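Each remark here refers to the structure printed beneath this line.
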Amino acid sequence: MRTGATGIIFRREFQAYVRSPMGYIVAAVVLLLDGLLFYSTALGPDAGELLSGEVLRVFFYFASGLTSIAAVALSVRLIAEERQTGTQLLLDTSPIRDWEIVLGKFLSALAFLSVITLATLYMPLLILVNGKIAVGHILIGYLGLILLGGAVLSIGVFATALTRHQLVAVAVAAVITGVMFLLWQLSQIVGSPLSRVFAALAIHGRHFNGFMAGLLHLRDVVYYVALTYFFLFAATRVMEAKRWE
Amino acid sequence: MVELTDVTKYYGRKRALGPVSFEIDRGNTVGFLGLNGVGKTTLLKILACGLRPSSGTVTVDGFDVLRDPHEVRKRVGYLPELPPVYGDMPVSDYLTFVGQLKGMSRERVARRVPEVEEYARISEVRDMPTRHLSQGYRQRVGVAQAIIHEPELLILDEPTHDLDPVQIMEMRGMIRRLKDSHTILISSHILPEISETCDRLLILNDGVIIASGTEAELGEKLLMSRHMAVTVRAAGDGARAPRDVIAAVPGVTGVERAGDTERSSGDADATTYHVEGEADLRAAVCRALIEAGHDVLTLRRAERELERVFVGLVGGARA
């Protein structure tokens, strides 16, 4: 039986995360910072009198930022490193399609990011045990984190397809992601109709607020899926253009 | 098996290759010879579907590289100058990955991986990550990945790059064994690599083919003079000097005494002369020296003759 090319690339890239120290470093930093922020919000001496649901909302707020940073860190090596080490030539001269390469790499990064994200689950579970929150709130929050992480990963995949230099890829991914975060703040400043456009395009804010509060809107899910599709499509086109160069 | 017609490659306005046209028959081993930067890698990348030609047509086994690139990729095994290995992957995992990338079934990959490991003599390092391998082993892993899917056309770009003399001999042996079952294209700027393993040579300079043929054909047809080295123990006083005797042979165009490093170390009286002629004058030179009373200790066509052809051709083309 022949294995699908996307699955082949997925397995190779996921194993690369497990085999390399970089994957563990990203996981360790995210988990450490998540834990510290959770402690200061919910358990520490400075923790205020917050309702359980509010503590969970704040947890997802911090986790969304850390997930986004982790997504950039995990994605930028995906294609730039292949070009840097010469292994891209192996992919370019194999009978596989560019979208299979892009999708396999994206899914591997998403799977690893999901493992890191789900490793923070003990914190919401502590709130669940000691407070009053719905399990659905936790599930929806994590769905939001994975959708947001996937969108930022797709931006990273696009950035890494553009260049052979990982530092340049980091910069491009960070700028695009940063601008898309800032659009929500800008939407609060500028007048209509620009404010509505900015709010609709912003990667955080309107589209993530629902997930933080445990509210699932189809609109928000569609937004993240569409954003992810857009950047993966763009990455594929870049790969196609560069494959024969 | 391979057919190129008026193929060119431009990077911006700079021409890197062409126009080149040639055909290679199935089962042949063909060497691309040229100095660094003359377009060898560009040409091989085009054949491996890793680079789009600017113009012209390229077909491999009847499939056009632009219209049916995946069909071509299935039929080509490619070893770039630097083996495309993932440092974190153990050798067996890497070969399995490549086999699957090439479209092989799991069962076929499971059968082929031990076969190519044995063939490339890398079984003993099969569990080691490739980043821990020496350059020689990495190059062998590179050959193993190129042949794992049993391609009809094998493209090896500078396969002896950065290898030590022992590793070079092993690589030559491996290529000779592959000749029975593949059409092989090899590039190199080192002549012995090409001359010892290839049936036919194409010499590139400045992106175009300036000569082609077998080593013998290139030597016979393209070399304007023949070159030999003769080691002589001169006769006593009264005899004509060996140099004068050789120079007087009809057809000899030049005689030059060899440097100290080339002199026979076993005989203090012996002197080696490099002789240029318009034809193969070994018999005539030998006869003349003996008739003049000198002893001929060795007489041979000069080593690295092809190198002289190559340098002459490239030099002539550049002049």
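Naming scheme: A, B, ... for chains in displayed order of the structure tokens; residues 1 onward per chain; ligands 1 onward as shown.
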Counting only C-alpha atoms, which residues in chain A sit no more than 12 Å from chain B? For each one, give the nearest pair of atoms and the distance in Å, sorted by chain then residue number, as a tab-separated table.
```
residue	atom	partner	partner_atom	distance
A:Met1	CA	B:Ser105	CA	4.9
A:Arg2	CA	B:Ser105	CA	4.2
A:Thr3	CA	B:Gln100	CA	6.8
A:Gly4	CA	B:Gln100	CA	8.5
A:Ala5	CA	B:Leu101	CA	6.5
A:Thr6	CA	B:Leu101	CA	9.7
A:Gly7	CA	B:Gln100	CA	10.0
A:Ile8	CA	B:Phe97	CA	7.0
A:Ile9	CA	B:Leu101	CA	8.3
A:Phe10	CA	B:Phe97	CA	11.0
A:Arg11	CA	B:Phe97	CA	9.2
A:Arg12	CA	B:Phe97	CA	7.5
A:Glu13	CA	B:Met89	CA	10.5
A:Phe14	CA	B:Met89	CA	11.8
A:Gln15	CA	B:Met89	CA	8.7
A:Ala16	CA	B:Asp88	CA	6.8
A:Tyr17	CA	B:Asp88	CA	9.9
A:Val18	CA	B:Asp88	CA	10.0
A:Arg19	CA	B:Asp88	CA	6.7
A:Ser20	CA	B:Asp88	CA	7.4
A:Pro21	CA	B:Asp88	CA	10.8
A:Glu81	CA	B:Tyr86	CA	10.2
A:Glu82	CA	B:Tyr86	CA	8.8
A:Arg83	CA	B:Pro84	CA	10.2
A:Gln84	CA	B:Pro84	CA	10.8
A:Thr85	CA	B:Pro84	CA	7.5
A:Gly86	CA	B:Pro84	CA	5.6
A:Thr87	CA	B:Pro84	CA	4.4
A:Gln88	CA	B:Pro84	CA	7.7
A:Leu89	CA	B:Gly50	CA	6.8
A:Leu90	CA	B:Pro84	CA	6.1
A:Leu91	CA	B:Leu101	CA	7.8
A:Asp92	CA	B:Gly50	CA	5.8
A:Thr93	CA	B:Gly50	CA	5.5
A:Ser94	CA	B:Arg73	CA	5.6
A:Pro95	CA	B:His70	CA	4.6
A:Ile96	CA	B:Leu101	CA	7.0
A:Arg97	CA	B:His70	CA	8.8
A:Asp98	CA	B:His70	CA	11.8
A:Glu100	CA	B:Leu101	CA	10.9
A:Ile101	CA	B:Leu101	CA	10.4
A:Glu240	CA	B:Gly50	CA	11.5
A:Ala241	CA	B:Arg52	CA	10.5
A:Lys242	CA	B:Leu51	CA	9.3
A:Arg243	CA	B:Gly50	CA	6.8
A:Trp244	CA	B:Leu51	CA	4.3
A:Glu245	CA	B:Leu51	CA	5.5
```
Go ahead and dump the residues you just picked, N, CA and C atoms, as a compact mmCIF listing (two decimals), in the first residue's frame.
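After the write, selection-v2.txt holds the following:
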```
# COMPACT_ATOMS: atom_id res chain seq x y z
N MET A 1 0.84 -1.20 0.00
CA MET A 1 0.00 0.00 0.00
C MET A 1 0.88 1.25 0.00
N ARG A 2 0.48 2.24 -0.82
CA ARG A 2 1.27 3.46 -0.90
C ARG A 2 0.78 4.46 0.15
N THR A 3 1.74 5.05 0.87
CA THR A 3 1.38 6.05 1.87
C THR A 3 1.22 7.39 1.18
N GLY A 4 0.19 8.18 1.57
CA GLY A 4 -0.02 9.50 0.99
C GLY A 4 1.15 10.41 1.31
N ALA A 5 1.48 11.29 0.35
CA ALA A 5 2.65 12.16 0.52
C ALA A 5 2.49 13.08 1.72
N THR A 6 1.26 13.57 1.95
CA THR A 6 1.04 14.46 3.11
C THR A 6 1.37 13.72 4.40
N GLY A 7 0.95 12.46 4.49
CA GLY A 7 1.23 11.65 5.68
C GLY A 7 2.72 11.40 5.86
N ILE A 8 3.42 11.18 4.74
CA ILE A 8 4.88 10.93 4.80
C ILE A 8 5.60 12.18 5.36
N ILE A 9 5.22 13.33 4.81
CA ILE A 9 5.85 14.59 5.26
C ILE A 9 5.47 14.86 6.72
N PHE A 10 4.21 14.61 7.05
CA PHE A 10 3.74 14.84 8.42
C PHE A 10 4.58 14.05 9.42
N ARG A 11 4.76 12.76 9.14
CA ARG A 11 5.49 11.90 10.08
C ARG A 11 6.94 12.34 10.22
N ARG A 12 7.56 12.66 9.10
CA ARG A 12 8.97 13.09 9.14
C ARG A 12 9.13 14.37 9.98
N GLU A 13 8.23 15.33 9.75
CA GLU A 13 8.35 16.62 10.45
C GLU A 13 8.00 16.48 11.93
N PHE A 14 7.00 15.66 12.24
CA PHE A 14 6.65 15.51 13.65
C PHE A 14 7.80 14.85 14.40
N GLN A 15 8.42 13.85 13.76
CA GLN A 15 9.58 13.20 14.38
C GLN A 15 10.73 14.18 14.55
N ALA A 16 10.86 15.12 13.60
CA ALA A 16 11.93 16.12 13.70
C ALA A 16 11.73 16.99 14.95
N TYR A 17 10.47 17.33 15.25
CA TYR A 17 10.20 18.11 16.48
C TYR A 17 10.58 17.30 17.71
N VAL A 18 10.23 16.01 17.68
CA VAL A 18 10.49 15.17 18.85
C VAL A 18 11.99 14.93 19.02
N ARG A 19 12.71 14.83 17.89
CA ARG A 19 14.14 14.51 17.95
C ARG A 19 15.00 15.73 18.25
N SER A 20 14.48 16.92 17.94
CA SER A 20 15.33 18.11 18.08
C SER A 20 15.08 18.79 19.43
N PRO A 21 16.11 19.45 19.97
CA PRO A 21 15.91 20.16 21.24
C PRO A 21 14.96 21.34 21.09
N GLU A 81 14.64 25.80 6.57
CA GLU A 81 15.71 24.89 6.94
C GLU A 81 16.02 23.89 5.83
N GLU A 82 14.98 23.47 5.13
CA GLU A 82 15.18 22.53 4.01
C GLU A 82 16.03 23.20 2.92
N ARG A 83 15.72 24.48 2.68
CA ARG A 83 16.49 25.19 1.65
C ARG A 83 17.93 25.41 2.11
N GLN A 84 18.08 25.69 3.42
CA GLN A 84 19.40 25.97 3.96
C GLN A 84 20.30 24.72 3.90
N THR A 85 19.74 23.56 4.18
CA THR A 85 20.55 22.34 4.25
C THR A 85 20.59 21.58 2.93
N GLY A 86 19.81 21.99 1.96
CA GLY A 86 19.85 21.33 0.65
C GLY A 86 18.86 20.19 0.51
N THR A 87 18.11 19.86 1.57
CA THR A 87 17.17 18.75 1.47
C THR A 87 15.92 19.12 0.66
N GLN A 88 15.71 20.42 0.44
CA GLN A 88 14.56 20.82 -0.39
C GLN A 88 14.69 20.24 -1.79
N LEU A 89 15.94 20.06 -2.23
CA LEU A 89 16.17 19.48 -3.56
C LEU A 89 15.61 18.06 -3.65
N LEU A 90 15.69 17.34 -2.53
CA LEU A 90 15.11 15.98 -2.51
C LEU A 90 13.59 16.05 -2.71
N LEU A 91 12.95 16.99 -2.03
CA LEU A 91 11.49 17.14 -2.16
C LEU A 91 11.15 17.62 -3.57
N ASP A 92 11.94 18.58 -4.06
CA ASP A 92 11.66 19.16 -5.39
C ASP A 92 11.78 18.12 -6.50
N THR A 93 12.66 17.15 -6.33
CA THR A 93 12.87 16.16 -7.39
C THR A 93 12.13 14.85 -7.11
N SER A 94 11.19 14.89 -6.17
CA SER A 94 10.35 13.72 -5.89
C SER A 94 8.96 13.94 -6.46
N PRO A 95 8.27 12.86 -6.81
CA PRO A 95 6.94 13.02 -7.43
C PRO A 95 5.84 13.33 -6.41
N ILE A 96 5.99 14.46 -5.75
CA ILE A 96 4.95 14.90 -4.80
C ILE A 96 4.59 16.34 -5.13
N ARG A 97 3.38 16.72 -4.76
CA ARG A 97 2.89 18.05 -5.09
C ARG A 97 3.24 19.03 -3.97
N ASP A 98 3.31 20.31 -4.36
CA ASP A 98 3.69 21.33 -3.38
C ASP A 98 2.67 21.44 -2.25
N GLU A 100 0.98 19.12 -1.01
CA GLU A 100 1.16 17.99 -0.08
C GLU A 100 2.30 18.29 0.89
N ILE A 101 3.35 18.93 0.39
CA ILE A 101 4.47 19.31 1.26
C ILE A 101 3.99 20.32 2.29
N GLU A 240 5.45 26.59 -5.37
CA GLU A 240 5.35 26.24 -6.80
C GLU A 240 6.28 27.13 -7.62
N ALA A 241 6.27 28.42 -7.27
CA ALA A 241 7.11 29.37 -8.01
C ALA A 241 8.59 29.09 -7.80
N LYS A 242 8.93 28.65 -6.58
CA LYS A 242 10.35 28.46 -6.26
C LYS A 242 10.85 27.06 -6.62
N ARG A 243 9.94 26.13 -6.85
CA ARG A 243 10.36 24.74 -7.06
C ARG A 243 11.29 24.60 -8.25
N TRP A 244 11.05 25.39 -9.27
CA TRP A 244 11.84 25.24 -10.49
C TRP A 244 12.97 26.25 -10.59
N GLU A 245 13.22 26.98 -9.50
CA GLU A 245 14.26 28.03 -9.59
C GLU A 245 15.63 27.45 -9.36
```
Problem - 10 Å contact set for B:Gly293, only C-alpha atoms, chain neighbours under 4 positions out, as a list in words - result: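 The filter keeps Arg233, Ala234, Ala235, Gly236, Ala239, Arg240, Pro242, Ala288 and Leu289 of chain B.
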All residues 12 Å or closer to stretch 115-121 of chain B, only C-alpha atoms, same chain fewer than 4 positions away omitted, as a CSV table (one decimal) with C-alpha atoms, in the first residue's frame:
```csv
chain,number,residue,atom,x,y,z
B,91,VAL,CA,20.0,6.1,8.0
B,92,SER,CA,17.3,3.4,7.7
B,93,ASP,CA,14.5,5.8,8.6
B,94,TYR,CA,15.8,8.3,6.0
B,95,LEU,CA,15.9,5.7,3.2
B,96,THR,CA,12.4,4.6,4.2
B,99,GLY,CA,11.4,5.5,-0.8
B,108,ARG,CA,8.5,-2.6,-1.4
B,109,VAL,CA,10.3,0.0,0.8
B,110,ALA,CA,10.7,-2.6,3.5
B,111,ARG,CA,12.3,-5.0,1.0
B,125,VAL,CA,25.6,2.6,10.3
B,126,ARG,CA,21.9,2.0,9.6
B,127,ASP,CA,20.8,3.1,13.0
B,136,GLY,CA,32.3,9.1,2.8
B,137,TYR,CA,29.3,7.4,4.5
B,138,ARG,CA,27.1,10.4,3.8
B,139,GLN,CA,27.9,10.2,0.1
B,140,ARG,CA,27.1,6.5,0.1
B,141,VAL,CA,23.8,7.2,1.8
B,142,GLY,CA,23.3,9.7,-0.9
B,143,VAL,CA,23.8,7.0,-3.6
B,144,ALA,CA,21.5,4.7,-1.7
B,145,GLN,CA,18.7,7.2,-1.6
B,146,ALA,CA,19.2,7.8,-5.4
B,147,ILE,CA,18.8,4.1,-6.3
B,148,ILE,CA,16.2,3.0,-3.7
B,149,HIS,CA,13.3,3.3,-6.1
B,150,GLU,CA,15.2,1.5,-8.9
B,167,GLN,CA,36.6,6.5,-0.6
B,170,GLU,CA,35.0,2.7,-3.3
B,171,MET,CA,32.7,5.1,-5.0
B,172,ARG,CA,34.1,4.3,-8.4
B,173,GLY,CA,33.5,0.6,-7.6
B,174,MET,CA,29.9,1.3,-6.7
B,175,ILE,CA,29.3,3.3,-9.9
B,177,ARG,CA,28.4,-2.0,-10.3
B,178,LEU,CA,25.5,0.3,-11.0
```
Practice task
Just the residues within 9 Å of A:Ala28, please, counting only C-alpha atoms, with nothing from its chain fewer than 5 positions along; format it as JSON, numbers by chain.
Solution key: {"A": [23, 33, 116]}
Take the residues just selected and output them with N, CA and C atoms as a PDB file, in the first residue's frame.
```pdb
ATOM      1  N   GLY A  23      12.039  21.704  19.734  1.00  0.00           N
ATOM      2  CA  GLY A  23      10.654  21.415  20.093  1.00  0.00           C
ATOM      3  C   GLY A  23      10.464  21.426  21.601  1.00  0.00           C
ATOM      4  N   LEU A  33       5.831  29.681  31.266  1.00  0.00           N
ATOM      5  CA  LEU A  33       5.178  30.994  31.306  1.00  0.00           C
ATOM      6  C   LEU A  33       3.679  30.859  31.555  1.00  0.00           C
ATOM      7  N   ILE A 116       1.541  20.639  22.991  1.00  0.00           N
ATOM      8  CA  ILE A 116       2.009  21.633  23.975  1.00  0.00           C
ATOM      9  C   ILE A 116       0.802  22.302  24.627  1.00  0.00           C
TER      10      ILE A 116
END
```
Exercise for the section: Excluding A:Ile140 and any residue of its chain fewer than 6 positions from it, enumerate the residues within 8 Å of it, using only C-alpha atoms, and give them as number ranges by chain. Expected result: A: 211-212, 214-216
Problem - Backbone DSSP call of alpha helix (DSSP H) for stretch 43-291 of chain B, listed as a PyMOL selection string - result: chain B and resi 43-47+69-75+91-101+106-119+135-147+165-178+191-197+215-217+242-247+282-291
Could those selected residues go to a file with C-alpha atoms, as a PDB file, in the first residue's frame?
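The new file out21.pdb reads:
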```pdb
ATOM      1  CA  LEU B  43      22.201  20.761 -16.708  1.00  0.00           C
ATOM      2  CA  LEU B  44      21.806  17.874 -14.263  1.00  0.00           C
ATOM      3  CA  LYS B  45      19.220  19.760 -12.194  1.00  0.00           C
ATOM      4  CA  ILE B  46      17.162  20.334 -15.330  1.00  0.00           C
ATOM      5  CA  LEU B  47      17.295  16.610 -16.077  1.00  0.00           C
ATOM      6  CA  PRO B  69       7.499  16.228 -14.336  1.00  0.00           C
ATOM      7  CA  HIS B  70       6.202  13.593 -11.912  1.00  0.00           C
ATOM      8  CA  GLU B  71       6.624  10.812 -14.488  1.00  0.00           C
ATOM      9  CA  VAL B  72      10.200  11.964 -15.015  1.00  0.00           C
ATOM     10  CA  ARG B  73      10.819  12.217 -11.248  1.00  0.00           C
ATOM     11  CA  LYS B  74       9.666   8.631 -10.768  1.00  0.00           C
ATOM     12  CA  ARG B  75      12.267   7.484 -13.297  1.00  0.00           C
ATOM     13  CA  VAL B  91      19.984   6.065   7.962  1.00  0.00           C
ATOM     14  CA  SER B  92      17.258   3.384   7.697  1.00  0.00           C
ATOM     15  CA  ASP B  93      14.491   5.840   8.589  1.00  0.00           C
ATOM     16  CA  TYR B  94      15.843   8.275   6.032  1.00  0.00           C
ATOM     17  CA  LEU B  95      15.928   5.681   3.244  1.00  0.00           C
ATOM     18  CA  THR B  96      12.396   4.571   4.169  1.00  0.00           C
ATOM     19  CA  PHE B  97      11.276   8.203   3.987  1.00  0.00           C
ATOM     20  CA  VAL B  98      12.877   8.696   0.568  1.00  0.00           C
ATOM     21  CA  GLY B  99      11.409   5.459  -0.768  1.00  0.00           C
ATOM     22  CA  GLN B 100       7.937   6.529   0.289  1.00  0.00           C
ATOM     23  CA  LEU B 101       8.490  10.000  -1.191  1.00  0.00           C
ATOM     24  CA  ARG B 106       5.403   0.121   2.197  1.00  0.00           C
ATOM     25  CA  GLU B 107       6.133  -3.500   1.338  1.00  0.00           C
ATOM     26  CA  ARG B 108       8.525  -2.556  -1.448  1.00  0.00           C
ATOM     27  CA  VAL B 109      10.282  -0.002   0.751  1.00  0.00           C
ATOM     28  CA  ALA B 110      10.674  -2.596   3.511  1.00  0.00           C
ATOM     29  CA  ARG B 111      12.300  -4.959   1.005  1.00  0.00           C
ATOM     30  CA  ARG B 112      14.496  -2.354  -0.715  1.00  0.00           C
ATOM     31  CA  VAL B 113      15.977  -0.554   2.308  1.00  0.00           C
ATOM     32  CA  PRO B 114      18.138  -3.514   3.483  1.00  0.00           C
ATOM     33  CA  GLU B 115      19.070  -4.215  -0.147  1.00  0.00           C
ATOM     34  CA  VAL B 116      20.409  -0.721  -0.840  1.00  0.00           C
ATOM     35  CA  GLU B 117      22.073  -0.580   2.584  1.00  0.00           C
ATOM     36  CA  GLU B 118      23.987  -3.695   1.696  1.00  0.00           C
ATOM     37  CA  TYR B 119      24.685  -2.456  -1.822  1.00  0.00           C
ATOM     38  CA  GLN B 135      31.584  12.410   4.463  1.00  0.00           C
ATOM     39  CA  GLY B 136      32.254   9.061   2.797  1.00  0.00           C
ATOM     40  CA  TYR B 137      29.302   7.403   4.495  1.00  0.00           C
ATOM     41  CA  ARG B 138      27.063  10.396   3.805  1.00  0.00           C
ATOM     42  CA  GLN B 139      27.937  10.159   0.131  1.00  0.00           C
ATOM     43  CA  ARG B 140      27.106   6.452   0.140  1.00  0.00           C
ATOM     44  CA  VAL B 141      23.803   7.187   1.834  1.00  0.00           C
ATOM     45  CA  GLY B 142      23.284   9.738  -0.941  1.00  0.00           C
ATOM     46  CA  VAL B 143      23.808   7.036  -3.569  1.00  0.00           C
ATOM     47  CA  ALA B 144      21.503   4.670  -1.655  1.00  0.00           C
ATOM     48  CA  GLN B 145      18.681   7.244  -1.645  1.00  0.00           C
ATOM     49  CA  ALA B 146      19.195   7.828  -5.368  1.00  0.00           C
ATOM     50  CA  ILE B 147      18.786   4.146  -6.271  1.00  0.00           C
ATOM     51  CA  PRO B 165      41.423   8.508  -2.115  1.00  0.00           C
ATOM     52  CA  VAL B 166      40.142   5.271  -0.553  1.00  0.00           C
ATOM     53  CA  GLN B 167      36.581   6.544  -0.550  1.00  0.00           C
ATOM     54  CA  ILE B 168      36.985   7.661  -4.168  1.00  0.00           C
ATOM     55  CA  MET B 169      38.020   4.139  -5.158  1.00  0.00           C
ATOM     56  CA  GLU B 170      35.027   2.688  -3.299  1.00  0.00           C
ATOM     57  CA  MET B 171      32.697   5.148  -5.010  1.00  0.00           C
ATOM     58  CA  ARG B 172      34.121   4.251  -8.421  1.00  0.00           C
ATOM     59  CA  GLY B 173      33.519   0.591  -7.650  1.00  0.00           C
ATOM     60  CA  MET B 174      29.946   1.325  -6.654  1.00  0.00           C
ATOM     61  CA  ILE B 175      29.321   3.264  -9.874  1.00  0.00           C
ATOM     62  CA  ARG B 176      30.800   0.433 -11.954  1.00  0.00           C
ATOM     63  CA  ARG B 177      28.386  -2.014 -10.302  1.00  0.00           C
ATOM     64  CA  LEU B 178      25.478   0.321 -11.037  1.00  0.00           C
ATOM     65  CA  LEU B 191      39.218  13.724 -15.191  1.00  0.00           C
ATOM     66  CA  PRO B 192      40.081  10.291 -13.809  1.00  0.00           C
ATOM     67  CA  GLU B 193      36.593  10.048 -12.273  1.00  0.00           C
ATOM     68  CA  ILE B 194      35.057  10.466 -15.666  1.00  0.00           C
ATOM     69  CA  SER B 195      37.518   8.604 -17.833  1.00  0.00           C
ATOM     70  CA  GLU B 196      37.539   5.465 -15.699  1.00  0.00           C
ATOM     71  CA  THR B 197      33.820   5.012 -15.310  1.00  0.00           C
ATOM     72  CA  GLU B 215      38.086   8.858 -24.273  1.00  0.00           C
ATOM     73  CA  ALA B 216      39.861   7.271 -27.232  1.00  0.00           C
ATOM     74  CA  GLU B 217      37.885   9.306 -29.750  1.00  0.00           C
ATOM     75  CA  PRO B 242      69.132  11.266 -26.798  1.00  0.00           C
ATOM     76  CA  ARG B 243      67.312  14.551 -27.073  1.00  0.00           C
ATOM     77  CA  ASP B 244      68.757  15.171 -30.532  1.00  0.00           C
ATOM     78  CA  VAL B 245      67.994  11.609 -31.639  1.00  0.00           C
ATOM     79  CA  ILE B 246      64.355  11.951 -30.581  1.00  0.00           C
ATOM     80  CA  ALA B 247      63.994  15.405 -32.132  1.00  0.00           C
ATOM     81  CA  ARG B 282      56.420   5.224 -29.840  1.00  0.00           C
ATOM     82  CA  ALA B 283      57.872   2.610 -32.201  1.00  0.00           C
ATOM     83  CA  ALA B 284      59.841   5.121 -34.282  1.00  0.00           C
ATOM     84  CA  VAL B 285      61.314   6.866 -31.250  1.00  0.00           C
ATOM     85  CA  CYS B 286      62.260   3.568 -29.646  1.00  0.00           C
ATOM     86  CA  ARG B 287      63.934   2.331 -32.830  1.00  0.00           C
ATOM     87  CA  ALA B 288      65.897   5.584 -33.301  1.00  0.00           C
ATOM     88  CA  LEU B 289      67.191   5.594 -29.730  1.00  0.00           C
ATOM     89  CA  ILE B 290      68.341   1.961 -29.889  1.00  0.00           C
ATOM     90  CA  GLU B 291      70.003   2.475 -33.251  1.00  0.00           C
TER      91      GLU B 291
END
```
Practice task
Extract, using only C-alpha atoms, all DNA, RNA and protein residues at most 8 Å from A:Ala151, discarding same-chain residues fewer than 3 positions from it, and format them as a list in words.
Solution key: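 Once the adjacent positions are removed, what remains is Leu147, Leu148, Ser154, Ile155, Tyr224, Val225, Leu227 and Thr228 of chain A.
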